[in-house]
Amino acid sequence: MARDTTDQTPLSSVAELSSYMAEGPRPKEKFRIGTEHEKFVFFKADHSPVPYAGDASISALLNGMQERLGWEPITDGGNIIGLGEQSGMGAISIEPGGQFELSGAPLETLHEVATEAEEHIALVKEIAEPMGIGFLGIGGSPKWTREETPRMPKSRYDIMTRFMPKVGSKGLDMMYRTCTIQVNLDFSSEEDMAAKMRVSMKLQSIATALFAASPFTEGKPNGLSSWRGDIWRDTDNSRSGVLPFVFNSDFGYADYAEWALDVPMYFIVRNGKYHDCTSITFRQFMDGALKGSVDDWQPTMGDWINHLSTLFPDVRLKRFLEMRGADGGPLDRISALPAFWVGLLYDDTALADAQELTKDWTFEDVVQMRDTVPSKGLSAEIRGVSVLDIARESVLISKAGLKARARKNAEGDDETIFLRPLEEILVKKATLADEMLALFNGRWEGSVEPAFKDYAY
């Protein structure tokens, strides 16, 4: 999220909270694709992390991007922390450890998504080159300790950094040492939202397996395909993971709102100042918990929107759905991730086929798969069937869905071209993590240093 909202509309009832999400549906012909991708920022000379301040720094990158794009600077305590395109069609932000993120515009086709990613990478590389800075496209920081990783001057991150160790063992690693690719997708009704959320919640670990790209920690293999996936198993389980109520046949907006109400808050923003609210839930906030301790203590719609952005289930509901299971990766993965989900969710026949594929999976089945995929990858199982086989079937359904969309580029190619990296994985039975481990044990001669060249953008 590029900036925290300050919508001052007062909240007077719990019903208004689910009403916010109920304003999300749009006609199918207006469905869009919003892709987000993060990358690690490093100095090419020694592969060390790039600090926030200085002539060659994260802030210098942001200022350079602002000068070229003309986007509005987003500041926090006088520090530039991001950029927003004035019409709200895109944003650039920084994650806690300096990971550089593009939150893409809502686009109509995957061809546009690919072009957007290519143009962003080309521009940021051009600005970074004179500073000796490069960008790494994998899911987990392969070399730096948490202590070596810089901290960005962003108020919400200060609050999260203090809170995370209280609620899980790996939250700080999630914040400072992981990167992801995500896609935000639309729904046409509450029923459509529920169907898409249920299917994508079940299949999120399939995406984790296919996009696994974080096999190293502090210079050594960590025994995992997706370290990032494992980190999410113990980050803050009150706000993360698989949500059991999504599996109910009558799941709707109100169920998600009721769950969110009882998750501890992170903060509220008043007059530009962040107030730590980690000791209360949003329900307690609605009941007046901050009265007397904070001016303007009454809850606003902006507080609710910000709170929703601090929830981290495998699929997150706002006025759209966010697919959150994949590691970061190279340029072709930035298009492959949205392609996978658009194919599955934006075509009615494909969605029905995905529902059929997963219809017998229980909440417990999905949690068990989520627990084993980070270590076992494609060889993990659900109900006695390998994740590899489920991935094959899922990609076939996705491909049929993309073919049915029939969105073609100038050369006449439809969107199925963006699934090719996944099809290659399925043929080779090897993910990026497997590929990197083979290189580590071969040409890289037991060092992760070559990753900064081989997997740089």
# chains A, B, ... in the order shown; residues from 1 in each chain; ligands from 1
>>> residues_around(residues="A:Ala404", least_positions_apart="2", cutoff="10 Å", atoms="only C-alpha atoms", output="PDB file with N, CA and C atoms, in the first residue's frame")
ATOM      1  N   GLY A 343      -6.751 -16.281 -15.553  1.00  0.00           N
ATOM      2  CA  GLY A 343      -7.285 -17.426 -16.277  1.00  0.00           C
ATOM      3  C   GLY A 343      -8.240 -18.255 -15.449  1.00  0.00           C
ATOM      4  N   TYR A 346     -11.444 -15.188 -14.068  1.00  0.00           N
ATOM      5  CA  TYR A 346     -12.187 -14.227 -14.881  1.00  0.00           C
ATOM      6  C   TYR A 346     -13.032 -14.869 -15.980  1.00  0.00           C
ATOM      7  N   ASP A 347     -12.963 -16.161 -16.140  1.00  0.00           N
ATOM      8  CA  ASP A 347     -13.810 -16.875 -17.099  1.00  0.00           C
ATOM      9  C   ASP A 347     -14.738 -17.807 -16.317  1.00  0.00           C
ATOM     10  N   ASP A 348     -16.012 -17.747 -16.612  1.00  0.00           N
ATOM     11  CA  ASP A 348     -16.994 -18.503 -15.825  1.00  0.00           C
ATOM     12  C   ASP A 348     -16.762 -20.007 -15.881  1.00  0.00           C
ATOM     13  N   THR A 349     -16.436 -20.520 -17.057  1.00  0.00           N
ATOM     14  CA  THR A 349     -16.204 -21.958 -17.187  1.00  0.00           C
ATOM     15  C   THR A 349     -14.969 -22.379 -16.411  1.00  0.00           C
ATOM     16  N   ALA A 350     -13.903 -21.579 -16.512  1.00  0.00           N
ATOM     17  CA  ALA A 350     -12.671 -21.886 -15.775  1.00  0.00           C
ATOM     18  C   ALA A 350     -12.921 -21.854 -14.270  1.00  0.00           C
ATOM     19  N   SER A 398      -6.482 -22.594 -16.184  1.00  0.00           N
ATOM     20  CA  SER A 398      -6.144 -21.188 -16.401  1.00  0.00           C
ATOM     21  C   SER A 398      -5.935 -20.892 -17.878  1.00  0.00           C
ATOM     22  N   LYS A 399      -5.229 -21.782 -18.551  1.00  0.00           N
ATOM     23  CA  LYS A 399      -4.959 -21.576 -19.978  1.00  0.00           C
ATOM     24  C   LYS A 399      -6.254 -21.542 -20.781  1.00  0.00           C
ATOM     25  N   ALA A 400      -7.171 -22.432 -20.449  1.00  0.00           N
ATOM     26  CA  ALA A 400      -8.469 -22.432 -21.138  1.00  0.00           C
ATOM     27  C   ALA A 400      -9.226 -21.143 -20.863  1.00  0.00           C
ATOM     28  N   GLY A 401      -9.137 -20.658 -19.621  1.00  0.00           N
ATOM     29  CA  GLY A 401      -9.797 -19.400 -19.272  1.00  0.00           C
ATOM     30  C   GLY A 401      -9.226 -18.216 -20.026  1.00  0.00           C
ATOM     31  N   LEU A 402      -7.898 -18.176 -20.157  1.00  0.00           N
ATOM     32  CA  LEU A 402      -7.254 -17.088 -20.898  1.00  0.00           C
ATOM     33  C   LEU A 402      -7.579 -17.174 -22.384  1.00  0.00           C
ATOM     34  N   ALA A 406      -9.717 -14.350 -25.001  1.00  0.00           N
ATOM     35  CA  ALA A 406      -9.372 -13.945 -26.379  1.00  0.00           C
ATOM     36  C   ALA A 406      -8.892 -12.508 -26.469  1.00  0.00           C
ATOM     37  N   ARG A 407      -8.062 -12.105 -25.508  1.00  0.00           N
ATOM     38  CA  ARG A 407      -7.456 -10.765 -25.562  1.00  0.00           C
ATOM     39  C   ARG A 407      -6.100 -10.899 -26.245  1.00  0.00           C
ATOM     40  N   ASP A 414      -2.692 -14.485 -27.871  1.00  0.00           N
ATOM     41  CA  ASP A 414      -3.588 -14.265 -26.745  1.00  0.00           C
ATOM     42  C   ASP A 414      -2.796 -14.323 -25.435  1.00  0.00           C
ATOM     43  N   GLU A 415      -3.505 -14.210 -24.325  1.00  0.00           N
ATOM     44  CA  GLU A 415      -2.830 -14.064 -23.027  1.00  0.00           C
ATOM     45  C   GLU A 415      -2.208 -15.363 -22.518  1.00  0.00           C
ATOM     46  N   THR A 416      -2.470 -16.482 -23.182  1.00  0.00           N
ATOM     47  CA  THR A 416      -1.868 -17.750 -22.734  1.00  0.00           C
ATOM     48  C   THR A 416      -0.352 -17.724 -22.829  1.00  0.00           C
TER      49      THR A 416
END
>>> select_by_dssp(residues="stretch 294-445 of chain A", states="helix (DSSP H, G or I)", output="VMD selection string")
chain A and resid 301 to 308 331 to 345 348 to 358 363 to 379 387 to 405 415 to 428 432 to 440
>>> atom_distance(atom1="atom CA of A:Ala430", atom2="atom CA of A:Pro221")
16.2 Å
>>> closest_atom_pairs(of="stretch 271-384 of chain A", to="stretch 145-165 of chain A", cutoff="10 Å", atoms="only C-alpha atoms", output="JSON lines")
{"residue": "A:Lys273", "atom": "CA", "partner": "A:Ser155", "partner_atom": "CA", "distance": 8.4}
{"residue": "A:Tyr274", "atom": "CA", "partner": "A:Ser155", "partner_atom": "CA", "distance": 6.4}
{"residue": "A:His275", "atom": "CA", "partner": "A:Ile159", "partner_atom": "CA", "distance": 8.6}
{"residue": "A:Asp276", "atom": "CA", "partner": "A:Ile159", "partner_atom": "CA", "distance": 6.3}
{"residue": "A:Cys277", "atom": "CA", "partner": "A:Ile159", "partner_atom": "CA", "distance": 8.8}
{"residue": "A:Thr278", "atom": "CA", "partner": "A:Phe163", "partner_atom": "CA", "distance": 7.1}
{"residue": "A:Ser279", "atom": "CA", "partner": "A:Phe163", "partner_atom": "CA", "distance": 9.6}
{"residue": "A:Thr310", "atom": "CA", "partner": "A:Met160", "partner_atom": "CA", "distance": 9.5}
>>> write_last_selection(atoms="C-alpha atoms", output="PDB file, in the first residue's frame")
ATOM      1  CA  LYS A 273       0.767  11.499  13.213  1.00  0.00           C
ATOM      2  CA  TYR A 274       0.595   7.723  13.667  1.00  0.00           C
ATOM      3  CA  HIS A 275      -0.784   6.496  16.993  1.00  0.00           C
ATOM      4  CA  ASP A 276       0.094   2.960  18.079  1.00  0.00           C
ATOM      5  CA  CYS A 277      -3.142   0.997  18.568  1.00  0.00           C
ATOM      6  CA  THR A 278      -1.755  -2.529  18.794  1.00  0.00           C
ATOM      7  CA  SER A 279      -3.319  -3.054  22.231  1.00  0.00           C
ATOM      8  CA  THR A 310      -2.942  -4.491   7.768  1.00  0.00           C
TER       9      THR A 310
END
>>> residues_around(residues="A:Leu210", least_positions_apart="3", cutoff="12 Å", atoms="only C-alpha atoms", output="PyMOL selection string")
chain A and resi 203-207+213-214+225-226+229+325-329+333+336-337+340+373-374+376-380+387-392+394-395+419+421-434
>>> write_last_selection(atoms="N, CA and C atoms", output="short mmCIF file (atom, residue, chain, number, x, y, z; two decimals), in the first residue's frame")
data_model
loop_
_atom_site.label_atom_id
_atom_site.label_comp_id
_atom_site.auth_asym_id
_atom_site.auth_seq_id
_atom_site.Cartn_x
_atom_site.Cartn_y
_atom_site.Cartn_z
N LEU A 203 -6.37 -22.63 -3.59
CA LEU A 203 -5.28 -22.83 -4.55
C LEU A 203 -4.06 -21.94 -4.30
N GLN A 204 -4.12 -21.12 -3.26
CA GLN A 204 -3.00 -20.20 -3.02
C GLN A 204 -1.67 -20.94 -2.83
N SER A 205 -1.70 -22.08 -2.16
CA SER A 205 -0.46 -22.84 -1.96
C SER A 205 0.07 -23.43 -3.26
N ILE A 206 -0.80 -23.62 -4.25
CA ILE A 206 -0.33 -24.06 -5.57
C ILE A 206 0.52 -22.96 -6.18
N ALA A 207 0.07 -21.71 -6.03
CA ALA A 207 0.88 -20.58 -6.50
C ALA A 207 2.19 -20.49 -5.72
N ALA A 213 10.82 -19.33 -4.84
CA ALA A 213 12.07 -18.73 -5.28
C ALA A 213 12.83 -18.11 -4.12
N SER A 214 12.83 -18.82 -2.97
CA SER A 214 13.55 -18.28 -1.80
C SER A 214 14.23 -19.41 -1.02
N SER A 225 11.92 -24.63 -0.24
CA SER A 225 11.67 -24.14 -1.60
C SER A 225 11.23 -22.68 -1.53
N SER A 226 10.31 -22.42 -0.61
CA SER A 226 9.83 -21.06 -0.39
C SER A 226 10.00 -20.70 1.08
N GLY A 229 7.20 -18.55 2.00
CA GLY A 229 5.99 -19.27 2.37
C GLY A 229 6.04 -19.78 3.80
N GLY A 325 0.00 -15.30 -2.38
CA GLY A 325 0.78 -16.48 -2.06
C GLY A 325 2.13 -16.63 -2.71
N ALA A 326 2.48 -15.77 -3.68
CA ALA A 326 3.66 -16.03 -4.52
C ALA A 326 4.91 -15.30 -4.05
N ASP A 327 6.06 -15.97 -4.22
CA ASP A 327 7.35 -15.31 -4.06
C ASP A 327 7.57 -14.32 -5.20
N GLY A 328 8.47 -13.35 -4.95
CA GLY A 328 8.95 -12.50 -6.02
C GLY A 328 9.76 -13.32 -7.01
N GLY A 329 9.96 -12.74 -8.20
CA GLY A 329 10.70 -13.47 -9.22
C GLY A 329 11.08 -12.60 -10.39
N ARG A 333 7.89 -13.71 -14.52
CA ARG A 333 6.97 -14.13 -13.45
C ARG A 333 6.00 -13.02 -13.08
N ALA A 336 3.34 -13.80 -15.29
CA ALA A 336 2.82 -15.16 -15.12
C ALA A 336 1.88 -15.26 -13.92
N LEU A 337 2.17 -14.54 -12.85
CA LEU A 337 1.33 -14.64 -11.64
C LEU A 337 -0.09 -14.12 -11.92
N PHE A 340 -1.96 -16.58 -14.24
CA PHE A 340 -2.47 -17.77 -13.57
C PHE A 340 -3.84 -17.51 -12.96
N VAL A 373 3.99 -27.21 1.71
CA VAL A 373 4.50 -26.69 0.44
C VAL A 373 5.83 -25.93 0.58
N PRO A 374 6.03 -25.10 1.61
CA PRO A 374 7.31 -24.37 1.68
C PRO A 374 8.53 -25.28 1.68
N LYS A 376 8.38 -28.88 0.85
CA LYS A 376 8.30 -29.95 -0.14
C LYS A 376 8.01 -29.47 -1.55
N GLY A 377 7.56 -28.23 -1.69
CA GLY A 377 7.31 -27.68 -3.01
C GLY A 377 6.29 -28.49 -3.80
N LEU A 378 6.61 -28.78 -5.05
CA LEU A 378 5.69 -29.48 -5.93
C LEU A 378 5.44 -30.93 -5.51
N SER A 379 6.28 -31.46 -4.64
CA SER A 379 6.08 -32.84 -4.19
C SER A 379 5.16 -32.94 -2.97
N ALA A 380 4.72 -31.81 -2.43
CA ALA A 380 3.73 -31.83 -1.36
C ALA A 380 2.43 -32.44 -1.89
N VAL A 387 0.96 -31.90 -5.33
CA VAL A 387 0.80 -30.51 -5.73
C VAL A 387 1.19 -30.34 -7.19
N LEU A 388 2.18 -31.10 -7.65
CA LEU A 388 2.56 -31.05 -9.06
C LEU A 388 1.37 -31.37 -9.96
N ASP A 389 0.63 -32.43 -9.62
CA ASP A 389 -0.53 -32.80 -10.43
C ASP A 389 -1.64 -31.76 -10.35
N ILE A 390 -1.85 -31.22 -9.16
CA ILE A 390 -2.86 -30.16 -9.01
C ILE A 390 -2.43 -28.92 -9.79
N ALA A 391 -1.14 -28.60 -9.75
CA ALA A 391 -0.62 -27.45 -10.49
C ALA A 391 -0.82 -27.63 -11.99
N ARG A 392 -0.56 -28.85 -12.48
CA ARG A 392 -0.78 -29.12 -13.91
C ARG A 392 -2.24 -28.85 -14.29
N SER A 394 -4.43 -27.05 -12.68
CA SER A 394 -4.76 -25.64 -12.48
C SER A 394 -4.29 -24.79 -13.65
N VAL A 395 -3.08 -25.05 -14.13
CA VAL A 395 -2.55 -24.28 -15.26
C VAL A 395 -3.34 -24.58 -16.53
N LEU A 419 1.65 -17.76 -19.55
CA LEU A 419 1.73 -18.96 -18.72
C LEU A 419 2.96 -19.81 -19.04
N PRO A 421 6.21 -19.62 -18.56
CA PRO A 421 7.16 -19.96 -17.48
C PRO A 421 6.63 -21.07 -16.56
N LEU A 422 5.32 -21.06 -16.32
CA LEU A 422 4.74 -22.10 -15.47
C LEU A 422 4.69 -23.44 -16.18
N GLU A 423 4.40 -23.41 -17.47
CA GLU A 423 4.39 -24.65 -18.24
C GLU A 423 5.78 -25.28 -18.29
N GLU A 424 6.81 -24.44 -18.36
CA GLU A 424 8.19 -24.95 -18.33
C GLU A 424 8.51 -25.59 -16.99
N ILE A 425 8.05 -24.98 -15.91
CA ILE A 425 8.25 -25.56 -14.58
C ILE A 425 7.62 -26.95 -14.51
N LEU A 426 6.41 -27.06 -15.03
CA LEU A 426 5.68 -28.33 -14.96
C LEU A 426 6.33 -29.41 -15.81
N VAL A 427 6.91 -29.01 -16.94
CA VAL A 427 7.62 -29.99 -17.78
C VAL A 427 8.91 -30.45 -17.09
N LYS A 428 9.65 -29.50 -16.54
CA LYS A 428 10.93 -29.81 -15.89
C LYS A 428 10.75 -30.39 -14.49
N LYS A 429 9.55 -30.18 -13.92
CA LYS A 429 9.29 -30.54 -12.52
C LYS A 429 10.28 -29.84 -11.59
N ALA A 430 10.63 -28.61 -11.95
CA ALA A 430 11.62 -27.84 -11.18
C ALA A 430 11.23 -26.37 -11.16
N THR A 431 11.18 -25.80 -9.97
CA THR A 431 10.86 -24.39 -9.79
C THR A 431 12.13 -23.54 -9.85
N LEU A 432 11.96 -22.23 -9.72
CA LEU A 432 13.13 -21.34 -9.63
C LEU A 432 14.00 -21.71 -8.44
N ALA A 433 13.37 -22.11 -7.35
CA ALA A 433 14.14 -22.51 -6.17
C ALA A 433 15.01 -23.73 -6.49
N ASP A 434 14.43 -24.70 -7.18
CA ASP A 434 15.21 -25.89 -7.58
C ASP A 434 16.36 -25.49 -8.52
#
>>> residues_around(residues="A:Ser189", least_positions_apart="5", cutoff="12 Å", atoms="only C-alpha atoms", output="list in words")
Met21, Ala22, Glu23, Gly24, Pro25, Arg26, Pro27, Lys28, Phe31, Ala194, Ala195, Lys196, Met197, Gly252, Tyr253, Arg319 and Phe320 of chain A
>>> residues_around(residues="stretch 62-76 of chain A", least_positions_apart="5", cutoff="12 Å", atoms="only C-alpha atoms", output="NGL selection string")
:A and (1-5 or 52-57 or 81-94 or 98-102 or 119-131 or 152-158 or 269 or 271-274)
>>> residues_around(residues="A:Phe43", least_positions_apart="6", cutoff="8 Å", atoms="only C-alpha atoms", output="NGL selection string")
:A and (49-50 or 132-134)
>>> closest_residue(among="A:Asp186, A:Glu112, A:Glu449, A:Asp365", to="A:Ser48", atoms="only C-alpha atoms")
A:Glu449
>>> select_by_dssp(residues="stretch 204-385 of chain A", states="strand (DSSP E or B)", output="ChimeraX atom specification")
/A:214,216-217,220-221,226,240-241,264,267-270,273-276,281,300,312-313,315-317,321-327,381-382,385
>>> write_last_selection(atoms="N, CA and C atoms", output="mmCIF file, in the first residue's frame")
data_model
loop_
_atom_site.group_PDB
_atom_site.id
_atom_site.type_symbol
_atom_site.label_atom_id
_atom_site.label_comp_id
_atom_site.auth_asym_id
_atom_site.auth_seq_id
_atom_site.Cartn_x
_atom_site.Cartn_y
_atom_site.Cartn_z
ATOM 1 N N SER A 214 12.834 -18.819 -2.968
ATOM 2 C CA SER A 214 13.550 -18.284 -1.802
ATOM 3 C C SER A 214 14.232 -19.414 -1.022
ATOM 4 N N PHE A 216 17.445 -19.610 -0.080
ATOM 5 C CA PHE A 216 18.666 -19.240 0.649
ATOM 6 C C PHE A 216 18.361 -18.262 1.766
ATOM 7 N N THR A 217 19.104 -18.387 2.853
ATOM 8 C CA THR A 217 19.076 -17.432 3.955
ATOM 9 C C THR A 217 20.506 -17.232 4.440
ATOM 10 N N LYS A 220 23.301 -19.328 2.667
ATOM 11 C CA LYS A 220 23.285 -20.796 2.645
ATOM 12 C C LYS A 220 21.888 -21.309 2.297
ATOM 13 N N PRO A 221 21.799 -22.516 1.738
ATOM 14 C CA PRO A 221 20.476 -23.128 1.541
ATOM 15 C C PRO A 221 19.759 -23.267 2.883
ATOM 16 N N SER A 226 10.314 -22.420 -0.609
ATOM 17 C CA SER A 226 9.831 -21.064 -0.389
ATOM 18 C C SER A 226 10.003 -20.700 1.081
ATOM 19 N N SER A 240 -3.380 -13.657 9.631
ATOM 20 C CA SER A 240 -2.755 -14.269 8.453
ATOM 21 C C SER A 240 -3.341 -15.646 8.165
ATOM 22 N N GLY A 241 -2.939 -16.197 7.014
ATOM 23 C CA GLY A 241 -3.201 -17.594 6.732
ATOM 24 C C GLY A 241 -4.510 -17.871 6.016
ATOM 25 N N PRO A 264 -6.305 -7.338 16.205
ATOM 26 C CA PRO A 264 -5.661 -6.139 16.758
ATOM 27 C C PRO A 264 -5.289 -5.139 15.667
ATOM 28 N N PHE A 267 -2.556 0.967 13.933
ATOM 29 C CA PHE A 267 -2.442 2.409 14.140
ATOM 30 C C PHE A 267 -3.716 3.119 13.696
ATOM 31 N N ILE A 268 -3.823 4.389 14.108
ATOM 32 C CA ILE A 268 -4.688 5.352 13.437
ATOM 33 C C ILE A 268 -3.818 6.562 13.104
ATOM 34 N N VAL A 269 -4.225 7.319 12.112
ATOM 35 C CA VAL A 269 -3.484 8.518 11.701
ATOM 36 C C VAL A 269 -4.352 9.729 12.013
ATOM 37 N N ARG A 270 -3.797 10.668 12.765
ATOM 38 C CA ARG A 270 -4.488 11.915 13.076
ATOM 39 C C ARG A 270 -3.529 13.083 12.855
ATOM 40 N N LYS A 273 0.029 12.245 12.188
ATOM 41 C CA LYS A 273 0.767 11.499 13.213
ATOM 42 C C LYS A 273 0.148 10.107 13.379
ATOM 43 N N TYR A 274 1.027 9.098 13.474
ATOM 44 C CA TYR A 274 0.595 7.723 13.667
ATOM 45 C C TYR A 274 0.533 7.415 15.161
ATOM 46 N N HIS A 275 -0.599 6.890 15.593
ATOM 47 C CA HIS A 275 -0.784 6.496 16.993
ATOM 48 C C HIS A 275 -0.828 4.974 17.068
ATOM 49 N N ASP A 276 0.010 4.409 17.900
ATOM 50 C CA ASP A 276 0.094 2.960 18.079
ATOM 51 C C ASP A 276 -1.187 2.461 18.746
ATOM 52 N N THR A 281 -8.496 -4.061 19.539
ATOM 53 C CA THR A 281 -9.064 -4.520 18.273
ATOM 54 C C THR A 281 -9.891 -3.387 17.667
ATOM 55 N N THR A 300 -13.215 6.403 11.861
ATOM 56 C CA THR A 300 -13.601 6.911 10.548
ATOM 57 C C THR A 300 -13.459 5.800 9.506
ATOM 58 N N PHE A 312 -3.460 -9.844 6.727
ATOM 59 C CA PHE A 312 -2.598 -10.562 5.794
ATOM 60 C C PHE A 312 -3.033 -12.003 5.506
ATOM 61 N N PRO A 313 -4.328 -12.265 5.308
ATOM 62 C CA PRO A 313 -4.694 -13.628 4.927
ATOM 63 C C PRO A 313 -4.147 -13.958 3.543
ATOM 64 N N VAL A 315 -5.610 -14.714 0.930
ATOM 65 C CA VAL A 315 -6.369 -13.896 -0.023
ATOM 66 C C VAL A 315 -7.011 -12.784 0.799
ATOM 67 N N ARG A 316 -6.765 -11.541 0.393
ATOM 68 C CA ARG A 316 -7.269 -10.408 1.174
ATOM 69 C C ARG A 316 -8.430 -9.744 0.442
ATOM 70 N N LEU A 317 -9.475 -9.425 1.214
ATOM 71 C CA LEU A 317 -10.664 -8.794 0.661
ATOM 72 C C LEU A 317 -10.677 -7.310 1.012
ATOM 73 N N LEU A 321 -10.119 -8.442 -4.649
ATOM 74 C CA LEU A 321 -9.434 -9.556 -3.997
ATOM 75 C C LEU A 321 -7.944 -9.500 -4.314
ATOM 76 N N GLU A 322 -7.114 -9.734 -3.323
ATOM 77 C CA GLU A 322 -5.658 -9.728 -3.490
ATOM 78 C C GLU A 322 -5.119 -11.143 -3.326
ATOM 79 N N MET A 323 -4.407 -11.632 -4.339
ATOM 80 C CA MET A 323 -3.772 -12.949 -4.295
ATOM 81 C C MET A 323 -2.357 -12.777 -3.733
ATOM 82 N N ARG A 324 -2.076 -13.416 -2.573
ATOM 83 C CA ARG A 324 -0.894 -13.059 -1.796
ATOM 84 C C ARG A 324 0.111 -14.200 -1.602
ATOM 85 N N GLY A 325 0.003 -15.298 -2.379
ATOM 86 C CA GLY A 325 0.779 -16.482 -2.064
ATOM 87 C C GLY A 325 2.132 -16.627 -2.711
ATOM 88 N N ALA A 326 2.483 -15.771 -3.682
ATOM 89 C CA ALA A 326 3.658 -16.030 -4.516
ATOM 90 C C ALA A 326 4.910 -15.301 -4.049
ATOM 91 N N ASP A 327 6.057 -15.966 -4.221
ATOM 92 C CA ASP A 327 7.354 -15.308 -4.061
ATOM 93 C C ASP A 327 7.573 -14.316 -5.195
ATOM 94 N N GLU A 381 1.540 -32.805 -0.971
ATOM 95 C CA GLU A 381 0.296 -33.457 -1.377
ATOM 96 C C GLU A 381 -0.906 -32.829 -0.690
ATOM 97 N N ILE A 382 -2.060 -33.015 -1.321
ATOM 98 C CA ILE A 382 -3.337 -32.729 -0.679
ATOM 99 C C ILE A 382 -4.283 -33.870 -1.022
ATOM 100 N N VAL A 385 -2.994 -36.473 -3.461
ATOM 101 C CA VAL A 385 -2.631 -36.047 -4.817
ATOM 102 C C VAL A 385 -1.497 -35.038 -4.717
#
>>> closest_residue(among="A:Gln355, A:Thr109, A:Ser238, A:Gln298", to="A:Ala260", atoms="only C-alpha atoms")
A:Ser238
>>> residues_around(residues="A:Leu357", least_positions_apart="2", cutoff="10 Å", atoms="only C-alpha atoms", output="MDAnalysis selection string")
chainID A and resid 199 203 351:355 359:361 390 393:394 397
>>> decode(residues="stretch 86-136 of chain A", atoms="C-alpha atoms", output="compact mmCIF listing (two decimals), in the first residue's frame")
# COMPACT_ATOMS: atom_id res chain seq x y z
CA GLN A 86 -2.23 11.71 -9.61
CA SER A 87 -5.32 9.96 -10.98
CA GLY A 88 -4.78 7.04 -8.59
CA MET A 89 -3.77 4.71 -11.39
CA GLY A 90 -0.53 3.46 -9.87
CA ALA A 91 1.96 3.94 -7.07
CA ILE A 92 5.55 3.28 -6.08
CA SER A 93 6.31 2.42 -2.48
CA ILE A 94 9.03 0.97 -0.30
CA GLU A 95 8.78 -2.03 1.97
CA PRO A 96 10.41 -2.05 5.44
CA GLY A 97 13.85 -3.27 4.28
CA GLY A 98 13.99 -1.04 1.22
CA GLN A 99 12.30 -3.47 -1.17
CA PHE A 100 11.13 -1.33 -4.10
CA GLU A 101 7.51 -1.90 -5.13
CA LEU A 102 5.34 -0.94 -8.05
CA SER A 103 1.60 -1.11 -7.41
CA GLY A 104 0.42 -1.16 -10.99
CA ALA A 105 -2.54 0.58 -12.55
CA PRO A 106 -5.81 -1.34 -13.02
CA LEU A 107 -5.33 -2.63 -16.56
CA GLU A 108 -7.61 -4.47 -18.94
CA THR A 109 -5.25 -7.12 -20.36
CA LEU A 110 -2.17 -9.08 -19.40
CA HIS A 111 -0.41 -7.62 -22.44
CA GLU A 112 -0.73 -4.21 -20.77
CA VAL A 113 0.49 -5.69 -17.47
CA ALA A 114 3.63 -7.02 -19.19
CA THR A 115 4.30 -3.67 -20.86
CA GLU A 116 3.83 -1.81 -17.58
CA ALA A 117 6.31 -4.09 -15.79
CA GLU A 118 8.87 -3.83 -18.59
CA GLU A 119 8.65 -0.04 -18.70
CA HIS A 120 8.90 0.27 -14.91
CA ILE A 121 11.95 -1.99 -14.71
CA ALA A 122 13.63 -0.18 -17.60
CA LEU A 123 13.08 3.23 -16.02
CA VAL A 124 14.17 2.31 -12.51
CA LYS A 125 17.30 0.60 -13.89
CA GLU A 126 18.13 3.69 -15.91
CA ILE A 127 17.89 5.89 -12.79
CA ALA A 128 19.80 3.36 -10.66
CA GLU A 129 22.67 2.72 -13.08
CA PRO A 130 24.71 5.88 -12.28
CA MET A 131 24.42 5.01 -8.57
CA GLY A 132 25.78 1.50 -9.10
CA ILE A 133 22.49 0.03 -7.92
CA GLY A 134 20.84 -3.18 -9.14
CA PHE A 135 17.56 -5.03 -8.49
CA LEU A 136 17.14 -8.67 -7.56
